[in-house]
file start_18.cif (mmCIF, C-alpha atoms and all ligand atoms)
data_work
#
loop_
_atom_site.label_atom_id
_atom_site.label_comp_id
_atom_site.auth_asym_id
_atom_site.auth_seq_id
_atom_site.Cartn_x
_atom_site.Cartn_y
_atom_site.Cartn_z
CA MET W 1 184.82 118.41 -9.25
CA ARG W 2 188.50 117.61 -9.63
CA VAL W 3 191.20 118.94 -7.33
CA GLY W 4 194.80 119.19 -8.53
CA ILE W 5 197.49 118.76 -5.90
CA ILE W 6 201.12 119.71 -6.38
CA GLY W 7 202.94 116.97 -4.51
CA GLY W 8 201.75 113.40 -4.16
CA GLY W 9 202.90 112.54 -0.63
CA GLN W 10 200.96 111.59 2.48
CA LEU W 11 199.22 114.96 2.75
CA ALA W 12 197.83 114.57 -0.78
CA ARG W 13 196.85 111.02 0.08
CA MET W 14 194.93 112.15 3.17
CA LEU W 15 193.29 114.99 1.21
CA ALA W 16 192.06 112.42 -1.31
CA LEU W 17 190.80 110.12 1.45
CA ALA W 18 188.82 113.04 2.87
CA GLY W 19 187.55 114.16 -0.53
CA TYR W 20 186.19 110.95 -2.01
CA PRO W 21 183.11 110.84 0.28
CA LEU W 22 182.32 114.37 -0.96
CA GLY W 23 182.36 113.09 -4.54
CA LEU W 24 185.63 114.79 -5.44
CA GLU W 25 188.32 113.47 -7.75
CA PHE W 26 192.04 114.15 -7.60
CA THR W 27 195.07 114.53 -9.83
CA VAL W 28 198.51 114.84 -8.26
CA LEU W 29 201.71 116.15 -9.82
CA ASP W 30 204.80 114.46 -8.44
CA PRO W 31 208.10 113.45 -10.07
CA ALA W 32 208.33 110.25 -7.99
CA GLN W 33 206.99 107.17 -9.75
CA ASP W 34 205.98 105.70 -6.39
CA ALA W 35 204.44 108.91 -4.92
CA CYS W 36 202.29 107.53 -2.12
CA ALA W 37 199.10 109.37 -3.18
CA SER W 38 199.30 107.82 -6.65
CA VAL W 39 197.41 104.68 -5.56
CA LEU W 40 194.39 106.90 -4.90
CA CYS W 41 194.74 109.71 -7.42
CA GLU W 42 195.42 110.19 -11.07
CA HIS W 43 199.17 110.83 -11.22
CA ILE W 44 201.05 113.15 -13.54
CA CYS W 45 204.63 111.99 -13.11
CA ALA W 46 206.79 115.02 -13.94
CA PRO W 47 208.93 117.68 -12.23
CA TYR W 48 206.91 120.22 -10.20
CA ASP W 49 207.92 123.07 -12.49
CA ASP W 50 207.38 121.25 -15.81
CA PRO W 51 205.25 123.76 -17.78
CA ASN W 52 203.50 121.06 -19.84
CA ALA W 53 202.65 119.01 -16.77
CA LEU W 54 201.37 122.09 -14.95
CA SER W 55 199.13 123.15 -17.82
CA GLN W 56 197.86 119.56 -18.10
CA LEU W 57 197.00 119.73 -14.38
CA ALA W 58 195.28 123.09 -14.83
CA GLU W 59 193.21 121.84 -17.77
CA LYS W 60 191.93 118.86 -15.82
CA CYS W 61 191.20 120.50 -12.47
CA ASP W 62 188.73 123.01 -11.07
CA VAL W 63 191.18 124.20 -8.43
CA ILE W 64 194.85 123.58 -7.66
CA THR W 65 196.32 123.30 -4.19
CA TYR W 66 199.73 122.23 -2.90
CA GLU W 67 200.93 119.96 -0.13
CA PHE W 68 204.37 121.44 0.45
CA GLU W 69 206.08 124.79 0.16
CA ASN W 70 209.13 124.11 -1.95
CA VAL W 71 207.25 124.50 -5.20
CA SER W 72 208.51 126.75 -7.98
CA LEU W 73 206.71 130.02 -7.37
CA GLU W 74 207.48 131.32 -10.85
CA ALA W 75 205.86 128.30 -12.51
CA LEU W 76 202.74 128.65 -10.35
CA GLU W 77 202.49 132.38 -10.99
CA VAL W 78 202.09 131.68 -14.70
CA LEU W 79 199.42 129.08 -13.93
CA ALA W 80 197.56 131.43 -11.56
CA GLU W 81 196.70 133.71 -14.49
CA THR W 82 194.24 131.13 -15.80
CA THR W 83 193.55 128.77 -12.89
CA ALA W 84 192.36 129.09 -9.30
CA ILE W 85 195.26 128.27 -6.97
CA ARG W 86 194.37 128.10 -3.30
CA PRO W 87 195.79 128.96 -0.76
CA PRO W 88 196.95 132.18 -2.49
CA LEU W 89 200.50 132.32 -3.82
CA THR W 90 201.29 135.34 -1.63
CA ALA W 91 201.09 132.94 1.35
CA LEU W 92 203.37 130.48 -0.40
CA ALA W 93 205.87 133.23 -1.29
CA LYS W 94 206.15 134.27 2.37
CA SER W 95 206.24 130.83 3.92
CA ARG W 96 208.90 129.38 1.65
CA ASP W 97 211.43 132.00 2.74
CA ARG W 98 212.05 132.24 6.49
CA LEU W 99 213.26 135.84 6.20
CA LYS W 100 210.12 137.02 4.37
CA GLU W 101 207.97 134.99 6.76
CA LYS W 102 209.50 136.50 9.89
CA THR W 103 209.41 139.99 8.37
CA LEU W 104 205.67 139.50 7.78
CA PHE W 105 205.27 138.38 11.42
CA GLN W 106 206.99 141.61 12.49
CA GLU W 107 204.79 143.75 10.24
CA LEU W 108 201.69 142.14 11.75
CA GLU W 109 203.05 142.51 15.30
CA ILE W 110 203.18 138.76 15.71
CA PRO W 111 205.97 138.20 18.24
CA THR W 112 208.80 136.07 16.82
CA PRO W 113 212.39 135.27 17.89
CA ARG W 114 214.93 138.01 17.04
CA PHE W 115 216.43 137.33 13.66
CA LEU W 116 218.82 138.66 11.06
CA ALA W 117 219.68 137.85 7.47
CA ILE W 118 223.06 136.19 7.02
CA ASP W 119 224.53 136.90 3.61
CA SER W 120 228.23 136.77 4.46
CA HIS W 121 230.71 135.47 7.01
CA GLN W 122 230.85 139.01 8.36
CA ASP W 123 227.07 138.91 9.04
CA LEU W 124 227.61 135.64 10.88
CA GLU W 125 230.31 137.25 13.05
CA THR W 126 227.73 139.88 14.02
CA ALA W 127 225.02 137.34 14.90
CA PRO W 128 226.16 136.39 18.45
CA LYS W 129 226.69 140.07 19.28
CA ILE W 130 223.04 140.76 18.47
CA LEU W 131 221.39 137.45 19.34
CA GLY W 132 223.71 136.18 22.10
CA TRP W 133 224.73 132.52 22.49
CA PRO W 134 223.37 130.05 21.61
CA PHE W 135 221.65 131.01 18.40
CA VAL W 136 220.17 129.08 15.49
CA LEU W 137 221.43 129.27 11.90
CA LYS W 138 218.92 128.14 9.27
CA THR W 139 218.65 128.09 5.51
CA ARG W 140 216.01 130.60 4.38
CA GLN W 141 214.55 128.13 1.91
CA PHE W 142 214.05 124.40 1.44
CA GLY W 143 214.31 123.60 5.14
CA TYR W 144 211.89 121.13 6.66
CA ASP W 145 211.87 118.63 9.51
CA GLY W 146 214.87 120.37 11.08
CA LYS W 147 216.94 120.02 7.90
CA GLY W 148 219.29 122.89 7.06
CA GLN W 149 219.58 124.21 10.60
CA HIS W 150 222.23 124.25 13.32
CA VAL W 151 222.13 125.36 16.94
CA ILE W 152 225.34 127.30 17.50
CA HIS W 153 226.75 127.21 21.01
CA HIS W 154 230.24 128.53 20.40
CA ARG W 155 232.67 129.75 17.78
CA LYS W 156 233.67 126.24 16.64
CA ASP W 157 229.99 125.39 15.88
CA MET W 158 229.76 128.63 13.96
CA GLU W 159 232.55 127.65 11.58
CA ASP W 160 231.20 124.11 11.15
CA ALA W 161 227.72 125.45 10.39
CA TRP W 162 229.14 128.01 7.96
CA ASN W 163 231.09 125.30 6.13
CA SER W 164 227.99 123.18 5.73
CA LEU W 165 225.47 125.93 4.85
CA GLN W 166 227.43 128.72 3.10
CA GLY W 167 226.40 129.56 -0.43
CA GLN W 168 222.70 129.46 0.47
CA PRO W 169 220.68 132.42 1.75
CA LEU W 170 220.64 132.08 5.56
CA ILE W 171 218.90 133.47 8.61
CA ALA W 172 220.09 133.54 12.22
CA GLU W 173 217.58 133.49 15.07
CA SER W 174 217.76 133.68 18.86
CA PHE W 175 217.62 130.25 20.44
CA ILE W 176 214.39 130.09 22.44
CA PRO W 177 214.52 127.87 25.56
CA PHE W 178 210.76 127.34 25.26
CA GLN W 179 208.62 125.43 27.75
CA ARG W 180 206.53 123.93 24.97
CA GLU W 181 205.67 124.12 21.30
CA VAL W 182 202.10 124.57 20.13
CA SER W 183 200.35 125.10 16.83
CA ILE W 184 197.06 126.65 15.91
CA ILE W 185 195.32 125.43 12.79
CA GLY W 186 192.78 127.71 11.20
CA VAL W 187 190.65 127.56 8.10
CA ARG W 188 189.40 130.58 6.19
CA ASN W 189 187.00 130.64 3.26
CA ALA W 190 186.77 133.10 0.39
CA HIS W 191 184.12 135.11 2.26
CA GLY W 192 186.48 135.75 5.16
CA GLN W 193 184.89 133.29 7.61
CA ILE W 194 187.57 131.90 9.94
CA ILE W 195 187.36 128.93 12.29
CA PHE W 196 190.03 127.27 14.41
CA TYR W 197 190.75 123.81 15.72
CA PRO W 198 191.63 123.40 19.38
CA LEU W 199 195.30 124.10 20.09
CA SER W 200 197.81 121.31 19.43
CA GLU W 201 200.75 120.77 21.77
CA ASN W 202 203.68 119.38 19.83
CA VAL W 203 206.87 117.53 20.71
CA HIS W 204 209.68 117.41 18.16
CA LYS W 205 212.62 115.03 18.17
CA ASN W 206 215.68 115.84 16.07
CA GLY W 207 213.65 118.63 14.45
CA ILE W 208 210.88 116.23 13.33
CA LEU W 209 207.38 116.27 14.80
CA HIS W 210 207.03 113.29 17.13
CA THR W 211 203.70 113.74 18.92
CA SER W 212 200.83 116.22 18.83
CA ARG W 213 198.16 116.42 21.43
CA CYS W 214 194.92 118.32 21.19
CA ARG W 215 194.67 120.56 24.27
CA LEU W 216 191.03 121.37 24.95
CA GLY W 217 190.43 124.65 26.79
CA ASP W 218 194.14 125.61 26.74
CA SER W 219 194.71 129.17 27.96
CA GLN W 220 196.94 129.92 24.93
CA THR W 221 194.20 129.06 22.43
CA ARG W 222 192.72 132.53 22.17
CA PRO W 223 196.09 134.37 22.04
CA ALA W 224 197.22 131.98 19.28
CA GLU W 225 193.97 132.51 17.36
CA VAL W 226 194.42 136.28 17.52
CA LEU W 227 197.90 136.01 15.97
CA ALA W 228 196.82 133.54 13.26
CA THR W 229 193.80 135.70 12.37
CA ARG W 230 196.15 138.56 11.47
CA LEU W 231 197.93 136.29 9.00
CA LEU W 232 194.77 134.79 7.53
CA ASP W 233 193.23 138.21 6.92
CA ARG W 234 196.39 139.90 5.64
CA LEU W 235 196.99 137.10 3.13
CA ASP W 236 193.31 137.05 2.10
CA TYR W 237 193.76 133.38 2.76
CA VAL W 238 191.61 130.51 1.55
CA GLY W 239 192.21 127.02 2.98
CA VAL W 240 193.89 125.57 6.05
CA LEU W 241 196.87 127.35 7.60
CA ALA W 242 199.01 126.22 10.53
CA LEU W 243 200.97 128.60 12.74
CA GLU W 244 203.68 127.01 14.89
CA LEU W 245 204.58 128.82 18.09
CA PHE W 246 206.98 128.55 21.01
CA GLU W 247 205.60 129.22 24.48
CA ILE W 248 208.08 130.80 26.85
CA ASN W 249 207.11 132.20 30.25
CA GLY W 250 203.48 132.54 29.21
CA ARG W 251 204.32 134.33 25.92
CA LEU W 252 203.88 133.01 22.41
CA LEU W 253 206.56 133.51 19.73
CA ALA W 254 205.79 132.49 16.15
CA ASN W 255 208.30 130.05 14.69
CA GLU W 256 206.80 129.39 11.28
CA MET W 257 203.61 129.06 9.30
CA ALA W 258 202.52 126.42 6.82
CA PRO W 259 200.02 127.41 4.11
CA ARG W 260 198.57 123.91 3.90
CA VAL W 261 197.28 121.02 5.93
CA HIS W 262 199.78 120.26 8.67
CA ASN W 263 201.19 117.26 10.48
CA SER W 264 200.16 118.69 13.86
CA GLY W 265 196.55 118.55 12.62
CA HIS W 266 196.49 114.86 11.70
CA TRP W 267 194.67 114.15 14.96
CA THR W 268 191.63 115.95 13.49
CA ILE W 269 190.89 112.98 11.20
CA GLU W 270 189.37 111.03 14.07
CA GLY W 271 189.54 113.68 16.78
CA ALA W 272 187.44 116.49 15.32
CA GLU W 273 183.96 116.74 13.86
CA THR W 274 185.48 117.71 10.47
CA SER W 275 189.11 116.93 9.68
CA GLN W 276 191.61 119.57 8.55
CA PHE W 277 191.77 117.73 5.21
CA GLU W 278 188.04 117.93 4.60
CA ASN W 279 187.91 121.56 5.69
CA HIS W 280 190.81 122.49 3.42
CA LEU W 281 188.88 120.99 0.50
CA ARG W 282 185.65 122.66 1.56
CA ALA W 283 187.40 126.03 1.78
CA ILE W 284 189.21 125.86 -1.56
CA LEU W 285 186.04 124.67 -3.34
CA ASP W 286 183.86 127.32 -1.73
CA LEU W 287 181.74 124.77 0.13
CA PRO W 288 180.40 125.49 3.64
CA LEU W 289 183.07 124.88 6.32
CA GLY W 290 182.52 122.04 8.78
CA THR W 291 182.63 122.38 12.56
CA THR W 292 186.13 122.06 14.02
CA GLU W 293 185.08 120.88 17.48
CA ALA W 294 187.05 118.04 19.06
CA VAL W 295 185.03 114.89 19.64
CA LYS W 296 187.30 113.43 22.36
CA HIS W 297 190.71 113.88 23.95
CA THR W 298 193.13 113.01 21.17
CA ALA W 299 196.84 112.62 20.49
CA MET W 300 198.82 111.70 17.40
CA VAL W 301 202.13 109.86 17.19
CA ASN W 302 204.25 109.97 14.04
CA PHE W 303 205.98 106.83 12.84
CA ILE W 304 209.37 107.97 11.63
CA SER W 305 211.83 105.75 9.72
CA VAL W 306 209.99 102.49 10.57
CA LEU W 307 206.43 101.35 11.15
CA PRO W 308 205.69 99.42 14.32
CA GLU W 309 204.02 96.04 13.88
CA PRO W 310 200.44 96.98 12.78
CA THR W 311 198.85 94.24 14.91
CA ASP W 312 200.51 95.62 18.04
CA VAL W 313 199.18 99.10 17.28
CA LEU W 314 195.67 97.89 16.45
CA GLU W 315 195.47 95.91 19.68
CA LEU W 316 195.42 99.13 21.69
CA PRO W 317 192.00 100.57 22.52
CA GLY W 318 191.04 103.90 20.95
CA VAL W 319 193.76 103.75 18.31
CA HIS W 320 193.53 104.50 14.57
CA LEU W 321 196.43 103.50 12.34
CA HIS W 322 197.47 105.37 9.19
CA THR W 323 200.19 103.93 6.99
CA TYR W 324 201.41 105.95 4.02
CA GLY W 325 202.58 103.13 1.75
CA LYS W 326 206.11 104.53 1.76
CA THR W 327 209.37 102.60 1.85
CA GLU W 328 211.00 102.82 5.26
CA ARG W 329 214.03 105.14 5.30
CA PRO W 330 215.82 106.96 8.15
CA GLY W 331 214.05 110.20 9.08
CA ARG W 332 211.10 109.54 6.75
CA LYS W 333 207.51 109.84 7.99
CA VAL W 334 205.97 106.49 7.11
CA GLY W 335 202.72 106.61 9.07
CA HIS W 336 201.00 107.84 12.20
CA ALA W 337 198.46 106.74 14.75
CA THR W 338 195.74 108.74 16.41
CA ILE W 339 194.72 107.74 19.88
CA ARG W 340 191.51 108.89 21.57
CA ALA W 341 190.05 108.64 25.05
CA ALA W 342 187.13 110.02 27.02
CA ASP W 343 189.49 111.85 29.41
CA ASN W 344 193.08 112.99 29.63
CA LYS W 345 194.12 110.39 32.22
CA ILE W 346 193.06 107.47 30.04
CA LEU W 347 194.68 109.19 27.07
CA ASP W 348 197.98 109.39 29.01
CA ILE W 349 197.88 105.64 29.65
CA ARG W 350 196.98 104.78 26.06
CA LEU W 351 199.64 107.11 24.72
CA HIS W 352 202.21 105.50 27.00
CA HIS W 353 201.36 102.07 25.55
CA LEU W 354 201.52 103.37 22.00
CA LEU W 355 204.89 105.07 22.54
CA ALA W 356 206.25 101.84 24.02
CA LEU W 357 205.79 100.20 20.59
CA LEU W 358 208.20 102.60 18.91
CA PRO W 359 211.72 101.35 18.28
P1 LIG E 401 211.67 124.60 12.11
O1 LIG E 401 212.17 123.88 10.91
O2 LIG E 401 211.98 126.04 12.12
O3 LIG E 401 210.21 124.32 12.40
O4 LIG E 401 212.45 123.96 13.36
C1 LIG E 401 212.28 122.62 13.75
C2 LIG E 401 212.35 122.54 15.26
O5 LIG E 401 213.61 123.04 15.74
C3 LIG E 401 211.32 123.41 15.98
O6 LIG E 401 210.07 122.76 16.05
C4 LIG E 401 211.98 123.57 17.34
O7 LIG E 401 211.83 122.42 18.13
C5 LIG E 401 213.45 123.75 16.97
N1 LIG E 401 213.75 125.18 16.76
C6 LIG E 401 213.66 125.87 15.61
N2 LIG E 401 213.97 127.17 15.78
C7 LIG E 401 214.29 127.31 17.08
C8 LIG E 401 214.67 128.43 17.89
N3 LIG E 401 214.83 129.66 17.37
N4 LIG E 401 214.88 128.22 19.22
C9 LIG E 401 214.74 126.98 19.76
N5 LIG E 401 214.38 125.89 19.04
C10 LIG E 401 214.15 126.04 17.72
#
call {"tool": "encode", "arguments": {"input": "start_18.cif", "output": "structure tokens", "more": "lines below"}}
Ligand code: AMP
result
Amino acid sequence: MRVGIIGGGQLARMLALAGYPLGLEFTVLDPAQDACASVLCEHICAPYDDPNALSQLAEKCDVITYEFENVSLEALEVLAETTAIRPPLTALAKSRDRLKEKTLFQELEIPTPRFLAIDSHQDLETAPKILGWPFVLKTRQFGYDGKGQHVIHHRKDMEDAWNSLQGQPLIAESFIPFQREVSIIGVRNAHGQIIFYPLSENVHKNGILHTSRCRLGDSQTRPAEVLATRLLDRLDYVGVLALELFEINGRLLANEMAPRVHNSGHWTIEGAETSQFENHLRAILDLPLGTTEAVKHTAMVNFISVLPEPTDVLELPGVHLHTYGKTERPGRKVGHATIRAADNKILDIRLHHLLALLP
């Protein structure tokens, strides 16, 4: 069977690495000549919304999936008439627009920070009256890794943010002084079976995920699963979905969802019985899902902008290095390492050594 992936970045690359042992083949669509999945997959080098390229992809593949949200929905809707696209486009339509996403959270009684649509400078003037200071101004679309968002502490920030973001549809949200960020990653198949990975605890730096740690037996696991189940069922979802949440004073507030494999689930490659990548493929191809149990205590560290010296990383016990074959560039994810240990104390020590290698 051949899987088509829209986007040929590291997520596509890791999907292919998980799929080859299952006998699967892959074609990616990506406009970049050097898309990092292209060394492993057949590569259609064309814009994501190129109708000829999309129909070529559909002809070749049994199912089409996507590795990022900023895909042209209109182009995929045409394709969906003749080809299986999983996860469903309704999930994509919600997740690529923060206003629609948060409105869906509200409908499903999934707690989320207070928010309001900002369509004019007048709306922005209203925001601090409703949300208080500080608040966060974000673009509704095309934001990722903290791009297109500003924390607004006072009036001067407000004008600066407006000057840089105006002209795009915006959303303002309450600033949440959370104690921690977590994500729950679930997988649902076409028959409605849902399974979850253990909760991930995530640390972001400058809006980009820095580390994720699998938290076995965390008391927020079940509450997070309950919230994610509402989404998975409402969207009649097929595949892996990640729900990112803030924890504040024992409560969970949903920040965003990703209808795809997620960076906070990279630890599952070596840390779980079946990785998120393999389970995504199993779900979209209607194969039995694999157990999501953790095999050890595991953490993942992203390499952003530059890769540490591989030999230094590989010298550490319990470490697994993943490089993405991407040119180093500021703010770019160029690789990650997973680190495992039999208990949390040893994991702390190993993680400390790994973090010390980062520039
Ligand atoms: P996002 O692109 O929405 O995932 O935001 C990236 C990161 O910015 C999040 O992981 C948080 O660390 C921070 N952030 C986003 N929204 C808020 C908020 N409303 N309150 C506090 N921090 C936020």
call {"tool": "closest_atom_pairs", "arguments": {"input": "start_18.cif", "of": "chain W", "to": "ligand LIG 401 (chain E)", "cutoff": "8 Å", "atoms": "only C-alpha atoms and all ligand atoms", "output": "tab-separated table"}}
result
residue	atom	partner	partner_atom	distance
W:Pro113	CA	E:LIG401	N3	6.1
W:Phe135	CA	E:LIG401	N3	7.0
W:Val136	CA	E:LIG401	N3	5.7
W:Lys138	CA	E:LIG401	O2	7.8
W:Gly143	CA	E:LIG401	O1	6.2
W:Tyr144	CA	E:LIG401	O1	5.1
W:Asp145	CA	E:LIG401	O1	5.4
W:Gly146	CA	E:LIG401	C1	4.3
W:Lys147	CA	E:LIG401	O1	6.8
W:Gln149	CA	E:LIG401	O1	7.4
W:Glu173	CA	E:LIG401	N3	5.2
W:Ser174	CA	E:LIG401	N3	5.2
W:Phe175	CA	E:LIG401	N4	3.6
W:Ile176	CA	E:LIG401	N4	3.8
W:Pro177	CA	E:LIG401	C9	5.9
W:Phe178	CA	E:LIG401	C9	6.8
W:Glu181	CA	E:LIG401	O6	7.0
W:Val203	CA	E:LIG401	O7	7.4
W:His204	CA	E:LIG401	O7	5.5
W:Lys205	CA	E:LIG401	O7	7.4
W:Asn206	CA	E:LIG401	O5	7.5
W:Gly207	CA	E:LIG401	C2	4.2
W:Ile208	CA	E:LIG401	C1	6.6
W:Leu209	CA	E:LIG401	O6	7.1
W:Glu244	CA	E:LIG401	O3	7.5
W:Phe246	CA	E:LIG401	C4	8.0
W:Asn255	CA	E:LIG401	O2	6.0
W:Glu256	CA	E:LIG401	O3	6.2
call {"tool": "write_last_selection", "arguments": {"input": "start_18.cif", "atoms": "C-alpha atoms", "output": "compact mmCIF listing (two decimals), in the coordinates of the input"}}
result
# COMPACT_ATOMS: atom_id res chain seq x y z
CA PRO W 113 212.39 135.27 17.89
CA PHE W 135 221.65 131.01 18.40
CA VAL W 136 220.17 129.08 15.49
CA LYS W 138 218.92 128.14 9.27
CA GLY W 143 214.31 123.60 5.14
CA TYR W 144 211.89 121.13 6.66
CA ASP W 145 211.87 118.63 9.51
CA GLY W 146 214.87 120.37 11.08
CA LYS W 147 216.94 120.02 7.90
CA GLN W 149 219.58 124.21 10.60
CA GLU W 173 217.58 133.49 15.07
CA SER W 174 217.76 133.68 18.86
CA PHE W 175 217.62 130.25 20.44
CA ILE W 176 214.39 130.09 22.44
CA PRO W 177 214.52 127.87 25.56
CA PHE W 178 210.76 127.34 25.26
CA GLU W 181 205.67 124.12 21.30
CA VAL W 203 206.87 117.53 20.71
CA HIS W 204 209.68 117.41 18.16
CA LYS W 205 212.62 115.03 18.17
CA ASN W 206 215.68 115.84 16.07
CA GLY W 207 213.65 118.63 14.45
CA ILE W 208 210.88 116.23 13.33
CA LEU W 209 207.38 116.27 14.80
CA GLU W 244 203.68 127.01 14.89
CA PHE W 246 206.98 128.55 21.01
CA ASN W 255 208.30 130.05 14.69
CA GLU W 256 206.80 129.39 11.28
call {"tool": "atom_distance", "arguments": {"input": "start_18.cif", "atom1": "atom CA of W:Ala337", "atom2": "atom CA of W:Leu351"}}
result
10.0 Å
call {"tool": "closest_residue", "arguments": {"input": "start_18.cif", "among": "W:Asp30, W:Leu76, W:Lys94, W:Phe303", "to": "W:Arg329", "atoms": "all atoms listed in the file"}}
result
W:Phe303
call {"tool": "atom_distance", "arguments": {"input": "start_18.cif", "atom1": "atom CA of W:Arg234", "atom2": "atom CA of W:Thr139"}}
result
25.2 Å
call {"tool": "closest_residue", "arguments": {"input": "start_18.cif", "among": "W:Gly186, W:Pro223, W:Gly265, W:Pro87", "to": "W:Ile64", "atoms": "only C-alpha atoms"}}
result
W:Pro87
call {"tool": "closest_residue", "arguments": {"input": "start_18.cif", "among": "W:Asn70, W:Ser120, W:Ser219, W:Thr311", "to": "W:Arg251", "atoms": "only C-alpha atoms"}}
result
W:Ser219
call {"tool": "residues_around", "arguments": {"input": "start_18.cif", "residues": "W:Leu227", "least_positions_apart": "3", "cutoff": "12 Å", "atoms": "only C-alpha atoms", "output": "PyMOL selection string"}}
result
chain W and resi 104-112+183-186+196+220-224+230-234+242-245+251-254+257
call {"tool": "atom_distance", "arguments": {"input": "start_18.cif", "atom1": "atom CA of W:Ala37", "atom2": "atom CA of W:Pro308"}}
result
21.2 Å
call {"tool": "residues_around", "arguments": {"input": "start_18.cif", "residues": "stretch 267-272 of chain W", "least_positions_apart": "3", "cutoff": "7 Å", "atoms": "only C-alpha atoms", "output": "ChimeraX atom specification"}}
result
/W:275-276,292-296,298-300,338
call {"tool": "closest_residue", "arguments": {"input": "start_18.cif", "among": "W:Leu314, W:Thr83, W:Ala127, W:Lys326", "to": "W:His153", "atoms": "all atoms listed in the file"}}
result
W:Ala127
call {"tool": "closest_atom_pairs", "arguments": {"input": "start_18.cif", "of": "stretch 19-110 of chain W", "to": "stretch 236-240 of chain W", "cutoff": "12 Å", "atoms": "all atoms listed in the file", "output": "Markdown table"}}
result
| residue | atom | partner | partner_atom | distance |
| --- | --- | --- | --- | --- |
| W:Val63 | CA | W:Gly239 | CA | 11.8 |
| W:Ile64 | CA | W:Gly239 | CA | 11.5 |
| W:Thr65 | CA | W:Gly239 | CA | 9.1 |
| W:Tyr66 | CA | W:Gly239 | CA | 10.7 |
| W:Glu67 | CA | W:Val240 | CA | 10.9 |
| W:Ala84 | CA | W:Val238 | CA | 11.0 |
| W:Ile85 | CA | W:Val238 | CA | 9.5 |
| W:Arg86 | CA | W:Val238 | CA | 6.1 |
| W:Pro87 | CA | W:Val238 | CA | 5.0 |
| W:Pro88 | CA | W:Tyr237 | CA | 6.3 |
| W:Leu89 | CA | W:Tyr237 | CA | 9.5 |
| W:Thr90 | CA | W:Tyr237 | CA | 8.9 |
| W:Ala91 | CA | W:Tyr237 | CA | 7.5 |
| W:Leu92 | CA | W:Tyr237 | CA | 10.5 |
call {"tool": "axis_aligned_box", "arguments": {"input": "start_18.cif", "around": "stretch 289-300 of chain W", "padding_each_side": "4 Å", "output": "JSON"}}
result
{"center_x": 190.7, "center_y": 118.3, "center_z": 15.1, "size_x": 24.3, "size_y": 21.2, "size_z": 25.6}
call {"tool": "residues_around", "arguments": {"input": "start_18.cif", "residues": "stretch 319-324 of chain W", "least_positions_apart": "6", "cutoff": "8 Å", "atoms": "all atoms listed in the file", "output": "tab-separated table (two decimals) with C-alpha atoms, in the coordinates of the input"}}
result
chain	number	residue	atom	x	y	z
W	10	GLN	CA	200.96	111.59	2.48
W	13	ARG	CA	196.85	111.02	0.08
W	36	CYS	CA	202.29	107.53	-2.12
W	270	GLU	CA	189.37	111.03	14.07
W	307	LEU	CA	206.43	101.35	11.15
W	310	PRO	CA	200.44	96.98	12.78
W	313	VAL	CA	199.18	99.10	17.28
W	334	VAL	CA	205.97	106.49	7.11
W	335	GLY	CA	202.72	106.61	9.07
W	336	HIS	CA	201.00	107.84	12.20
W	337	ALA	CA	198.46	106.74	14.75
W	338	THR	CA	195.74	108.74	16.41
W	339	ILE	CA	194.72	107.74	19.88
W	340	ARG	CA	191.51	108.89	21.57
call {"tool": "closest_residue", "arguments": {"input": "start_18.cif", "among": "W:Glu101, W:Asp119, W:Asp312, W:Glu159", "to": "W:Leu235", "atoms": "all atoms listed in the file"}}
result
W:Glu101
call {"tool": "closest_residue", "arguments": {"input": "start_18.cif", "among": "W:Thr327, W:Ser200, W:Gln166, W:Asn263", "to": "W:Leu216", "atoms": "all atoms listed in the file"}}
result
W:Ser200
